>>> print(open('model_36.cif').read())   # mmCIF, C-alpha atoms
data_start
loop_
_atom_site.label_atom_id
_atom_site.label_comp_id
_atom_site.auth_asym_id
_atom_site.auth_seq_id
_atom_site.Cartn_x
_atom_site.Cartn_y
_atom_site.Cartn_z
CA THR A 22 -30.65 7.71 13.50
CA HIS A 23 -32.97 8.98 16.25
CA GLU A 24 -32.29 5.83 18.25
CA TRP A 25 -28.52 6.31 18.12
CA ARG A 26 -28.79 9.96 19.24
CA LYS A 27 -30.38 8.68 22.45
CA LEU A 28 -27.93 5.82 22.90
CA LYS A 29 -24.62 7.50 22.05
CA GLU A 30 -24.20 9.22 25.43
CA ARG A 31 -24.00 5.73 26.92
CA LYS A 32 -22.53 3.74 24.02
CA GLY A 33 -20.57 6.41 22.15
CA PHE A 34 -16.82 7.04 22.36
CA ASP A 35 -14.68 9.60 24.17
CA ILE A 36 -11.73 9.21 21.80
CA ILE A 37 -11.21 7.46 18.45
CA PHE A 38 -7.98 6.33 16.75
CA VAL A 39 -8.18 5.58 13.03
CA ASP A 40 -5.38 3.73 11.24
CA GLU A 41 -5.00 3.62 7.43
CA PHE A 42 -7.37 6.60 7.13
CA HIS A 43 -6.69 6.77 3.37
CA TYR A 44 -8.68 3.54 2.87
CA PHE A 45 -11.99 4.96 4.10
CA ASN A 46 -14.51 6.07 1.50
CA ARG A 47 -16.59 9.23 1.46
CA LEU A 48 -19.53 7.84 3.48
CA GLU A 49 -17.33 6.15 6.06
CA VAL A 50 -15.39 9.35 6.72
CA MET A 51 -18.65 11.21 7.36
CA THR A 52 -19.67 8.83 10.17
CA PHE A 53 -16.80 9.51 12.59
CA HIS A 54 -18.21 12.66 14.19
CA SER A 55 -21.47 10.82 14.96
CA LEU A 56 -19.68 8.17 17.02
CA PHE A 57 -18.60 10.54 19.80
CA ARG A 58 -20.45 11.13 23.02
CA GLY A 59 -21.64 14.73 23.39
CA LYS A 60 -19.08 15.60 26.06
CA ALA A 61 -16.17 14.37 23.94
CA ALA A 62 -16.19 17.44 21.69
CA GLU A 63 -17.04 20.15 24.24
CA THR A 64 -13.99 22.16 23.15
CA GLY A 65 -15.22 22.18 19.55
CA ILE A 66 -12.50 19.77 18.45
CA ALA A 67 -13.36 16.08 18.52
CA PRO A 68 -10.52 13.85 19.83
CA LEU A 69 -10.06 11.94 16.57
CA PHE A 70 -6.53 10.77 15.68
CA MET A 71 -6.10 9.82 12.02
CA ALA A 72 -2.98 8.07 10.71
CA TYR A 73 -2.69 8.21 6.94
CA ASP A 74 -0.39 8.20 3.92
CA LEU A 75 -2.25 9.37 0.82
CA LYS A 76 0.46 7.92 -1.42
CA GLN A 77 -0.55 4.42 -0.32
CA SER A 78 -4.14 4.87 -1.51
CA PRO A 79 -4.81 2.92 -4.75
CA GLY A 80 -8.07 4.87 -5.21
CA ASP A 81 -8.68 8.56 -5.87
CA THR A 82 -11.17 9.23 -3.05
CA PRO A 83 -8.77 11.04 -0.69
CA LEU A 84 -7.52 13.31 -3.49
CA THR A 85 -10.82 14.08 -5.22
CA ALA A 86 -13.52 13.94 -2.53
CA GLY A 87 -15.17 17.30 -2.16
CA GLY A 88 -12.59 19.41 -3.93
CA LYS A 89 -9.45 19.66 -6.00
CA ASN A 90 -7.11 18.45 -3.26
CA GLY A 91 -7.20 16.05 -0.35
CA ALA A 92 -7.86 18.71 2.31
CA ALA A 93 -11.61 18.45 1.65
CA TYR A 94 -11.41 14.74 2.46
CA PHE A 95 -10.52 15.57 6.06
CA ARG A 96 -13.17 18.27 6.36
CA MET A 97 -15.79 15.60 5.65
CA ALA A 98 -15.10 14.11 9.05
CA ALA A 99 -16.75 17.25 10.53
CA VAL A 100 -14.67 17.10 13.68
CA GLY A 101 -13.42 20.67 13.75
CA LYS A 102 -9.95 22.05 13.20
CA THR A 103 -7.19 19.49 12.64
CA GLU A 104 -3.51 19.61 13.50
CA LEU A 105 -0.89 17.82 11.38
CA VAL A 106 1.88 15.81 13.04
CA GLU A 107 4.37 14.52 10.48
CA PHE A 108 6.56 11.46 11.08
CA ARG A 109 9.84 11.41 9.18
CA THR A 110 11.56 8.36 10.66
CA VAL A 111 10.85 4.95 9.13
CA PHE A 112 11.21 1.86 11.30
CA ARG A 113 9.86 -0.76 8.92
CA SER A 114 12.19 -0.60 5.90
CA SER A 115 15.95 -0.56 5.38
CA PRO A 116 17.69 2.68 4.29
CA GLN A 117 18.12 1.22 0.78
CA ILE A 118 14.38 0.59 0.40
CA VAL A 119 13.60 4.06 1.75
CA GLU A 120 15.91 5.56 -0.90
CA PHE A 121 14.04 3.62 -3.58
CA LEU A 122 10.71 4.95 -2.27
CA LYS A 123 12.04 8.51 -2.44
CA ASP A 124 13.08 8.07 -6.07
CA LEU A 125 9.85 6.30 -6.99
CA ASP A 126 7.91 9.15 -5.41
CA SER A 127 9.77 11.72 -7.49
CA SER A 128 8.76 9.89 -10.68
CA PHE A 129 5.25 11.35 -10.32
CA PRO A 130 4.74 15.14 -10.52
CA ALA A 131 2.52 16.80 -7.94
CA LEU A 132 0.04 17.99 -10.59
CA GLY A 133 -1.39 20.71 -8.36
CA LEU A 134 -2.08 18.47 -5.39
CA GLU A 135 -0.22 20.96 -3.20
CA ASP A 136 0.41 19.80 0.37
CA GLU A 137 -1.35 16.48 -0.09
CA TRP A 138 1.43 15.04 -2.27
CA GLN A 139 4.60 16.32 -0.68
CA THR A 140 8.02 14.98 -1.53
CA TYR A 141 8.77 11.77 0.35
CA ASN A 142 11.36 12.88 2.89
CA ALA A 143 11.99 10.14 5.44
CA SER A 144 15.01 8.43 6.92
CA SER A 145 15.29 4.86 8.13
CA ALA A 146 16.23 3.78 11.65
CA ARG A 147 16.79 0.16 10.56
CA GLU A 148 20.07 -1.54 9.79
CA PRO A 149 21.34 -1.34 6.17
CA GLY A 150 20.17 -4.00 3.71
CA GLU A 151 20.34 -4.90 0.03
CA VAL A 152 19.77 -2.39 -2.76
CA PRO A 153 16.40 -3.25 -4.42
CA GLN A 154 16.81 -5.26 -7.62
CA LEU A 155 15.04 -5.16 -10.99
CA VAL A 156 14.82 -8.46 -12.87
CA SER A 157 13.31 -8.87 -16.35
CA TYR A 158 11.89 -12.05 -17.89
CA ASP A 159 10.96 -12.73 -21.51
CA THR A 160 7.48 -14.14 -20.76
CA ASN A 161 4.86 -13.93 -18.03
CA GLN A 162 5.14 -17.67 -17.38
CA ASN A 163 8.90 -17.53 -16.92
CA LEU A 164 8.49 -14.60 -14.57
CA LEU A 165 5.95 -16.45 -12.43
CA ASP A 166 7.97 -19.67 -12.27
CA ALA A 167 11.26 -17.94 -11.44
CA VAL A 168 9.85 -15.56 -8.83
CA ILE A 169 7.89 -18.24 -6.99
CA ALA A 170 10.99 -20.49 -6.97
CA ALA A 171 13.11 -17.65 -5.57
CA ALA A 172 10.44 -16.82 -2.97
CA ILE A 173 10.28 -20.44 -1.78
CA SER A 174 14.06 -20.40 -1.43
CA ASP A 175 13.73 -17.34 0.80
CA VAL A 176 10.99 -19.07 2.81
CA ARG A 177 13.36 -21.96 3.58
CA ALA A 178 16.09 -19.55 4.63
CA ASN A 179 13.83 -17.47 6.91
CA LYS A 180 13.38 -18.60 10.50
CA ASP A 181 9.76 -17.38 10.45
CA GLY A 182 8.99 -19.20 7.19
CA GLY A 183 6.48 -18.00 4.63
CA ARG A 184 4.89 -15.39 6.88
CA GLN A 185 7.86 -13.15 6.06
CA VAL A 186 8.00 -13.66 2.28
CA ALA A 187 5.44 -12.10 -0.07
CA VAL A 188 4.94 -12.02 -3.82
CA LEU A 189 2.73 -9.03 -4.66
CA CYS A 190 1.19 -8.63 -8.12
CA LEU A 191 0.57 -5.14 -9.51
CA ASN A 192 -1.94 -6.24 -12.15
CA GLU A 193 -5.37 -7.35 -10.95
CA HIS A 194 -6.21 -9.42 -14.04
CA LEU A 195 -2.97 -11.40 -13.91
CA PHE A 196 -3.32 -11.83 -10.16
CA ASP A 197 -6.71 -13.53 -10.65
CA ILE A 198 -5.15 -15.87 -13.22
CA TYR A 199 -2.04 -16.73 -11.22
CA ARG A 200 -3.70 -17.36 -7.86
CA VAL A 201 -5.71 -20.29 -9.27
CA SER A 202 -2.87 -21.65 -11.38
CA GLY A 203 -2.10 -25.28 -10.67
CA ARG A 204 1.62 -24.78 -11.32
CA ILE A 205 2.02 -22.70 -8.12
CA SER A 206 -1.02 -23.66 -6.01
CA ASP A 207 1.00 -25.81 -3.60
CA LYS A 208 3.63 -23.09 -3.11
CA ILE A 209 1.46 -20.09 -2.15
CA VAL A 210 -1.13 -18.85 0.31
CA ALA A 211 -3.31 -16.44 -1.69
CA LEU A 212 -4.76 -13.42 0.13
CA THR A 213 -7.62 -11.84 -1.82
CA SER A 214 -8.91 -9.41 0.81
CA ARG A 215 -7.82 -7.62 3.95
CA ASP A 216 -10.06 -9.94 5.98
CA GLN A 217 -7.86 -13.00 5.48
CA MET A 218 -5.12 -12.24 7.98
CA ASN A 219 -5.77 -15.52 9.79
CA ASP A 220 -4.63 -17.36 6.66
CA LEU A 221 -1.06 -16.22 7.37
CA GLN A 222 -0.78 -19.14 9.79
CA TYR A 223 -0.81 -21.53 6.81
CA ALA A 224 2.26 -19.94 5.23
CA ARG A 225 4.84 -22.10 6.98
CA THR A 226 6.54 -23.56 3.90
CA ARG A 227 4.65 -21.49 1.33
CA CYS A 228 4.92 -17.80 0.45
CA ILE A 229 2.20 -15.17 0.60
CA PHE A 230 0.71 -14.30 -2.81
CA SER A 231 -1.42 -11.17 -2.95
CA MET A 232 -1.82 -7.59 -4.21
CA PRO A 233 -0.42 -4.55 -2.35
CA GLU A 234 -3.80 -3.22 -1.16
CA TYR A 235 -4.72 -6.57 0.44
CA VAL A 236 -1.63 -6.57 2.68
CA ALA A 237 -1.62 -2.88 3.66
CA GLY A 238 -0.51 -2.61 7.27
CA LEU A 239 1.54 -5.81 7.09
CA GLN A 240 5.32 -6.03 6.81
CA PHE A 241 7.51 -8.75 5.30
CA ASP A 242 11.25 -9.35 5.37
CA VAL A 243 11.20 -10.11 1.64
CA VAL A 244 8.88 -8.75 -1.06
CA TYR A 245 8.80 -9.66 -4.75
CA LEU A 246 6.82 -7.03 -6.66
CA ILE A 247 5.78 -8.50 -10.00
CA HIS A 248 4.55 -6.89 -13.23
CA ALA A 249 5.78 -3.34 -12.84
CA ASP A 250 5.43 -3.39 -16.62
CA LYS A 251 5.22 -0.68 -19.25
CA ALA A 252 1.77 -2.04 -20.23
CA GLU A 253 0.33 -0.72 -16.96
CA LEU A 254 0.58 2.78 -18.45
CA ALA A 255 -0.26 2.00 -22.08
CA GLU A 256 -0.68 5.14 -24.20
CA GLU A 257 -4.22 4.31 -25.28
CA LYS A 258 -5.50 4.33 -21.68
CA TYR A 259 -3.10 6.85 -20.12
CA SER A 260 -4.35 9.55 -17.75
CA ALA A 261 -2.82 11.43 -14.83
CA GLY A 262 -5.19 9.59 -12.49
CA LEU A 263 -4.06 6.20 -13.80
CA HIS A 264 -0.43 7.29 -13.50
CA ARG A 265 -0.97 8.21 -9.84
CA ARG A 266 -2.72 4.90 -9.09
CA VAL A 267 0.08 2.87 -10.69
CA VAL A 268 2.73 4.76 -8.71
CA SER A 269 0.69 4.42 -5.49
CA ARG A 270 0.22 0.67 -5.92
CA CYS A 271 3.94 0.20 -6.57
CA TYR A 272 4.80 2.50 -3.64
CA LEU A 273 2.46 0.59 -1.32
CA GLY A 274 3.83 -2.79 -2.39
CA ALA A 275 7.48 -1.72 -2.08
CA SER A 276 6.90 -0.20 1.35
CA ARG A 277 5.79 -3.63 2.65
CA ALA A 278 9.42 -4.82 2.36
CA ALA A 279 11.67 -4.55 5.41
CA LYS A 280 14.96 -6.07 4.24
CA LYS A 281 14.83 -7.24 0.61
CA LEU A 282 12.89 -5.92 -2.38
CA VAL A 283 12.91 -7.46 -5.86
CA ILE A 284 10.89 -5.98 -8.73
CA ALA A 285 10.15 -8.33 -11.64
CA THR A 286 8.91 -7.28 -15.08
CA SER A 287 7.92 -9.09 -18.27
CA GLU A 288 9.13 -8.31 -21.78
CA GLU A 289 5.83 -9.82 -22.94
CA ARG A 290 4.19 -6.70 -21.47
CA GLY A 291 6.72 -4.18 -22.74
CA GLY A 292 9.44 -4.50 -20.12
CA TYR A 293 9.81 -2.30 -17.06
CA SER A 294 7.55 0.69 -16.49
CA ASP A 295 8.72 4.28 -16.96
CA ILE A 296 7.97 4.93 -13.28
CA LEU A 297 11.19 2.99 -12.53
CA LEU A 298 13.43 5.21 -14.67
CA THR A 299 14.26 7.63 -11.85
CA PRO A 300 15.21 4.91 -9.30
CA LEU A 301 17.37 3.24 -11.98
CA ARG A 302 19.08 6.50 -12.87
CA GLU A 303 19.72 7.39 -9.21
CA GLY A 304 21.03 3.93 -8.35
CA SER A 305 18.39 3.07 -5.75
CA LEU A 306 17.24 0.24 -8.06
CA ARG A 307 19.73 -2.04 -9.80
CA LYS A 308 19.21 -4.32 -12.79
#
>>> encode(input="model_36.cif", output="structure tokens")
Amino acid sequence: THEWRKLKERKGFDIIFVDEFHYFNRLEVMTFHSLFRGKAAETGIAPLFMAYDLKQSPGDTPLTAGGKNGAAYFRMAAVGKTELVEFRTVFRSSPQIVEFLKDLDSSFPALGLEDEWQTYNASSAREPGEVPQLVSYDTNQNLLDAVIAAAISDVRANKDGGRQVAVLCLNEHLFDIYRVSGRISDKIVALTSRDQMNDLQYARTRCIFSMPEYVAGLQFDVVYLIHADKAELAEEKYSAGLHRRVVSRCYLGASRAAKKLVIATSEERGGYSDILLTPLREGSLRK
């Protein structure tokens, strides 16, 4: 606005750091260049540092905004030429979980996304842990009961309690049903948005129950990823975009785990998803 143009030399910023850049939508991305004071971009390049991982984005905005690939997404920021700095060392997950992420990543073809969907090629600096496990249950109810019971057992064994144990649901409809279910209400702290971080303090003897996108940026010792089911990619609704979103949601949820990752599926919804075939074949995921 005209008012802000007059105020920004006094109230604007000299440098901006943006975390989780892949979560910003088209309009939000276009506001960054307007936040700088005039002197900040005298060289023609605004000092904007953007940390991102497009594979963690459950939406298509970064890959479709303004063009066929994600490069146009960054041009929207209108901050001049950008320089890529790539980090290849992971400090948040065990080597076994990193291997699973590599194999999960390779389950989705690039589909012409060029540099914006490169092969996951990272190594872990953490101590070795357990190989991620795949557990199948005959019904949704049995899955929920068994996973919550196992999560509570992990809560009791963890010195930091429920803050370090999360059950993340990959299906939004089932998540809405489960989070209000009386059978588990006294065992969980449900997070339904990224604005509820203060609620983590209530997870002393209860586990966190959420969806991957609501806990982006957080890390847990133990993660149970539920409903990585075949029904998520049913033939009647299949598309490449849906395939990418399913892989990204699973990738995001799995990458929240530091030491232990368990993936649970339901035979009621067709059993485990095809996106898990590569990790199973390569041995980075064990039944």
>>> atom_distance(input="model_36.cif", atom1="atom CA of A:Ile37", atom2="atom CA of A:His54")
9.7 Å
>>> closest_residue(input="model_36.cif", among="A:Ala285, A:His23, A:Glu104, A:Leu69", to="A:Leu155", atoms="only C-alpha atoms")
A:Ala285
>>> closest_atom_pairs(input="model_36.cif", of="stretch 193-288 of chain A", to="stretch 116-131 of chain A", cutoff="10 Å", atoms="only C-alpha atoms", output="JSON lines")
{"residue": "A:Ala261", "atom": "CA", "partner": "A:Phe129", "partner_atom": "CA", "distance": 9.2}
{"residue": "A:His264", "atom": "CA", "partner": "A:Phe129", "partner_atom": "CA", "distance": 7.7}
{"residue": "A:Arg265", "atom": "CA", "partner": "A:Phe129", "partner_atom": "CA", "distance": 7.0}
{"residue": "A:Val267", "atom": "CA", "partner": "A:Phe129", "partner_atom": "CA", "distance": 9.9}
{"residue": "A:Val268", "atom": "CA", "partner": "A:Phe129", "partner_atom": "CA", "distance": 7.2}
{"residue": "A:Ser269", "atom": "CA", "partner": "A:Asp126", "partner_atom": "CA", "distance": 8.6}
{"residue": "A:Cys271", "atom": "CA", "partner": "A:Leu125", "partner_atom": "CA", "distance": 8.5}
{"residue": "A:Tyr272", "atom": "CA", "partner": "A:Leu122", "partner_atom": "CA", "distance": 6.5}
{"residue": "A:Leu273", "atom": "CA", "partner": "A:Leu122", "partner_atom": "CA", "distance": 9.4}
{"residue": "A:Ala275", "atom": "CA", "partner": "A:Leu122", "partner_atom": "CA", "distance": 7.4}
{"residue": "A:Ser276", "atom": "CA", "partner": "A:Leu122", "partner_atom": "CA", "distance": 7.4}
{"residue": "A:Arg277", "atom": "CA", "partner": "A:Ile118", "partner_atom": "CA", "distance": 9.8}
{"residue": "A:Ala278", "atom": "CA", "partner": "A:Ile118", "partner_atom": "CA", "distance": 7.6}
{"residue": "A:Ala279", "atom": "CA", "partner": "A:Ile118", "partner_atom": "CA", "distance": 7.7}
{"residue": "A:Lys280", "atom": "CA", "partner": "A:Ile118", "partner_atom": "CA", "distance": 7.7}
{"residue": "A:Lys281", "atom": "CA", "partner": "A:Ile118", "partner_atom": "CA", "distance": 7.8}
{"residue": "A:Leu282", "atom": "CA", "partner": "A:Ile118", "partner_atom": "CA", "distance": 7.2}
>>> write_last_selection(input="model_36.cif", atoms="C-alpha atoms", output="compact mmCIF listing (two decimals), in the coordinates of the input")
# COMPACT_ATOMS: atom_id res chain seq x y z
CA ALA A 261 -2.82 11.43 -14.83
CA HIS A 264 -0.43 7.29 -13.50
CA ARG A 265 -0.97 8.21 -9.84
CA VAL A 267 0.08 2.87 -10.69
CA VAL A 268 2.73 4.76 -8.71
CA SER A 269 0.69 4.42 -5.49
CA CYS A 271 3.94 0.20 -6.57
CA TYR A 272 4.80 2.50 -3.64
CA LEU A 273 2.46 0.59 -1.32
CA ALA A 275 7.48 -1.72 -2.08
CA SER A 276 6.90 -0.20 1.35
CA ARG A 277 5.79 -3.63 2.65
CA ALA A 278 9.42 -4.82 2.36
CA ALA A 279 11.67 -4.55 5.41
CA LYS A 280 14.96 -6.07 4.24
CA LYS A 281 14.83 -7.24 0.61
CA LEU A 282 12.89 -5.92 -2.38
>>> atom_distance(input="model_36.cif", atom1="atom CA of A:His194", atom2="atom CA of A:Arg113")
29.3 Å
>>> resolve_selection(input="model_36.cif", expression="the PyMOL selection byres ((chain A and resi 243-259) around 6)", output="ChimeraX atom specification")
/A:186-191,241-242,260,278,281-286,290-294
>>> atom_distance(input="model_36.cif", atom1="atom CA of A:Gly182", atom2="atom CA of A:Cys228")
8.0 Å
>>> resolve_selection(input="model_36.cif", expression="the PyMOL selection byres ((chain A and resi 174) around 12)", output="mmCIF file with C-alpha atoms, keeping the file's coordinate frame")
data_model
loop_
_atom_site.group_PDB
_atom_site.id
_atom_site.type_symbol
_atom_site.label_atom_id
_atom_site.label_comp_id
_atom_site.auth_asym_id
_atom_site.auth_seq_id
_atom_site.Cartn_x
_atom_site.Cartn_y
_atom_site.Cartn_z
ATOM 1 C CA ALA A 167 11.260 -17.940 -11.440
ATOM 2 C CA VAL A 168 9.850 -15.560 -8.830
ATOM 3 C CA ILE A 169 7.890 -18.240 -6.990
ATOM 4 C CA ALA A 170 10.990 -20.490 -6.970
ATOM 5 C CA ALA A 171 13.110 -17.650 -5.570
ATOM 6 C CA ALA A 172 10.440 -16.820 -2.970
ATOM 7 C CA ILE A 173 10.280 -20.440 -1.780
ATOM 8 C CA ASP A 175 13.730 -17.340 0.800
ATOM 9 C CA VAL A 176 10.990 -19.070 2.810
ATOM 10 C CA ARG A 177 13.360 -21.960 3.580
ATOM 11 C CA ALA A 178 16.090 -19.550 4.630
ATOM 12 C CA ASN A 179 13.830 -17.470 6.910
ATOM 13 C CA GLY A 182 8.990 -19.200 7.190
ATOM 14 C CA GLY A 183 6.480 -18.000 4.630
ATOM 15 C CA VAL A 186 8.000 -13.660 2.280
ATOM 16 C CA LYS A 208 3.630 -23.090 -3.110
ATOM 17 C CA THR A 226 6.540 -23.560 3.900
ATOM 18 C CA ARG A 227 4.650 -21.490 1.330
ATOM 19 C CA CYS A 228 4.920 -17.800 0.450
ATOM 20 C CA VAL A 243 11.200 -10.110 1.640
#
>>> resolve_selection(input="model_36.cif", expression="the PyMOL selection byres ((chain A and resi 236) around 10)", output="compact mmCIF listing (two decimals) with C-alpha atoms, in the coordinates of the input")
# COMPACT_ATOMS: atom_id res chain seq x y z
CA ALA A 187 5.44 -12.10 -0.07
CA LEU A 189 2.73 -9.03 -4.66
CA LEU A 212 -4.76 -13.42 0.13
CA THR A 213 -7.62 -11.84 -1.82
CA SER A 214 -8.91 -9.41 0.81
CA ARG A 215 -7.82 -7.62 3.95
CA ASP A 216 -10.06 -9.94 5.98
CA GLN A 217 -7.86 -13.00 5.48
CA MET A 218 -5.12 -12.24 7.98
CA ILE A 229 2.20 -15.17 0.60
CA PHE A 230 0.71 -14.30 -2.81
CA SER A 231 -1.42 -11.17 -2.95
CA MET A 232 -1.82 -7.59 -4.21
CA PRO A 233 -0.42 -4.55 -2.35
CA GLU A 234 -3.80 -3.22 -1.16
CA TYR A 235 -4.72 -6.57 0.44
CA ALA A 237 -1.62 -2.88 3.66
CA GLY A 238 -0.51 -2.61 7.27
CA LEU A 239 1.54 -5.81 7.09
CA GLN A 240 5.32 -6.03 6.81
CA PHE A 241 7.51 -8.75 5.30
CA LEU A 273 2.46 0.59 -1.32
CA GLY A 274 3.83 -2.79 -2.39
CA ARG A 277 5.79 -3.63 2.65
>>> residues_near_point(input="model_36.cif", point="(19.9, 5.2, -11.0)", cutoff="12 Å", atoms="only C-alpha atoms", output="number ranges by chain")
A: 120-121, 124-125, 152-155, 297-308
>>> decode(input="model_36.cif", residues="stretch 148-164 of chain A", atoms="N, CA, C and O atoms", output="PDB file, in the first residue's frame")
ATOM      1  N   GLU A 148      23.273 -41.823  15.423  1.00  0.00           N
ATOM      2  CA  GLU A 148      23.629 -43.200  15.720  1.00  0.00           C
ATOM      3  C   GLU A 148      22.614 -44.146  15.065  1.00  0.00           C
ATOM      4  O   GLU A 148      21.474 -43.788  14.850  1.00  0.00           O
ATOM      5  N   PRO A 149      23.041 -45.392  14.761  1.00  0.00           N
ATOM      6  CA  PRO A 149      22.124 -46.362  14.129  1.00  0.00           C
ATOM      7  C   PRO A 149      20.917 -46.660  15.014  1.00  0.00           C
ATOM      8  O   PRO A 149      20.990 -46.562  16.244  1.00  0.00           O
ATOM      9  N   GLY A 150      19.805 -47.003  14.376  1.00  0.00           N
ATOM     10  CA  GLY A 150      18.584 -47.345  15.104  1.00  0.00           C
ATOM     11  C   GLY A 150      17.916 -48.568  14.501  1.00  0.00           C
ATOM     12  O   GLY A 150      18.556 -49.371  13.820  1.00  0.00           O
ATOM     13  N   GLU A 151      16.622 -48.701  14.735  1.00  0.00           N
ATOM     14  CA  GLU A 151      15.872 -49.853  14.233  1.00  0.00           C
ATOM     15  C   GLU A 151      15.486 -49.660  12.772  1.00  0.00           C
ATOM     16  O   GLU A 151      15.245 -48.532  12.328  1.00  0.00           O
ATOM     17  N   VAL A 152      15.422 -50.771  12.036  1.00  0.00           N
ATOM     18  CA  VAL A 152      14.886 -50.719  10.677  1.00  0.00           C
ATOM     19  C   VAL A 152      13.383 -50.460  10.766  1.00  0.00           C
ATOM     20  O   VAL A 152      12.687 -51.089  11.573  1.00  0.00           O
ATOM     21  N   PRO A 153      12.836 -49.498  10.011  1.00  0.00           N
ATOM     22  CA  PRO A 153      11.389 -49.234  10.042  1.00  0.00           C
ATOM     23  C   PRO A 153      10.582 -50.509   9.799  1.00  0.00           C
ATOM     24  O   PRO A 153      10.977 -51.368   9.007  1.00  0.00           O
ATOM     25  N   GLN A 154       9.447 -50.607  10.476  1.00  0.00           N
ATOM     26  CA  GLN A 154       8.615 -51.804  10.407  1.00  0.00           C
ATOM     27  C   GLN A 154       7.270 -51.516   9.749  1.00  0.00           C
ATOM     28  O   GLN A 154       6.722 -50.415   9.888  1.00  0.00           O
ATOM     29  N   LEU A 155       6.747 -52.512   9.045  1.00  0.00           N
ATOM     30  CA  LEU A 155       5.413 -52.457   8.457  1.00  0.00           C
ATOM     31  C   LEU A 155       4.545 -53.493   9.159  1.00  0.00           C
ATOM     32  O   LEU A 155       4.886 -54.676   9.202  1.00  0.00           O
ATOM     33  N   VAL A 156       3.426 -53.040   9.720  1.00  0.00           N
ATOM     34  CA  VAL A 156       2.514 -53.933  10.433  1.00  0.00           C
ATOM     35  C   VAL A 156       1.121 -53.809   9.814  1.00  0.00           C
ATOM     36  O   VAL A 156       0.631 -52.698   9.602  1.00  0.00           O
ATOM     37  N   SER A 157       0.491 -54.937   9.522  1.00  0.00           N
ATOM     38  CA  SER A 157      -0.841 -54.933   8.921  1.00  0.00           C
ATOM     39  C   SER A 157      -1.883 -55.440   9.920  1.00  0.00           C
ATOM     40  O   SER A 157      -1.609 -56.356  10.705  1.00  0.00           O
ATOM     41  N   TYR A 158      -3.076 -54.852   9.858  1.00  0.00           N
ATOM     42  CA  TYR A 158      -4.188 -55.250  10.722  1.00  0.00           C
ATOM     43  C   TYR A 158      -5.398 -55.540   9.851  1.00  0.00           C
ATOM     44  O   TYR A 158      -5.557 -54.959   8.767  1.00  0.00           O
ATOM     45  N   ASP A 159      -6.286 -56.412  10.328  1.00  0.00           N
ATOM     46  CA  ASP A 159      -7.410 -56.826   9.494  1.00  0.00           C
ATOM     47  C   ASP A 159      -8.490 -55.759   9.403  1.00  0.00           C
ATOM     48  O   ASP A 159      -9.203 -55.671   8.406  1.00  0.00           O
ATOM     49  N   THR A 160      -8.645 -54.922  10.450  1.00  0.00           N
ATOM     50  CA  THR A 160      -9.672 -53.876  10.416  1.00  0.00           C
ATOM     51  C   THR A 160      -9.083 -52.551  10.888  1.00  0.00           C
ATOM     52  O   THR A 160      -8.044 -52.510  11.566  1.00  0.00           O
ATOM     53  N   ASN A 161      -9.778 -51.471  10.557  1.00  0.00           N
ATOM     54  CA  ASN A 161      -9.364 -50.139  11.001  1.00  0.00           C
ATOM     55  C   ASN A 161      -9.378 -50.040  12.524  1.00  0.00           C
ATOM     56  O   ASN A 161      -8.493 -49.424  13.131  1.00  0.00           O
ATOM     57  N   GLN A 162     -10.395 -50.625  13.141  1.00  0.00           N
ATOM     58  CA  GLN A 162     -10.520 -50.541  14.597  1.00  0.00           C
ATOM     59  C   GLN A 162      -9.370 -51.262  15.288  1.00  0.00           C
ATOM     60  O   GLN A 162      -8.802 -50.749  16.253  1.00  0.00           O
ATOM     61  N   ASN A 163      -9.025 -52.438  14.792  1.00  0.00           N
ATOM     62  CA  ASN A 163      -7.909 -53.173  15.381  1.00  0.00           C
ATOM     63  C   ASN A 163      -6.597 -52.419  15.209  1.00  0.00           C
ATOM     64  O   ASN A 163      -5.737 -52.421  16.101  1.00  0.00           O
ATOM     65  N   LEU A 164      -6.448 -51.778  14.059  1.00  0.00           N
ATOM     66  CA  LEU A 164      -5.253 -50.966  13.826  1.00  0.00           C
ATOM     67  C   LEU A 164      -5.160 -49.847  14.861  1.00  0.00           C
ATOM     68  O   LEU A 164      -4.116 -49.654  15.497  1.00  0.00           O
TER      69      LEU A 164
END
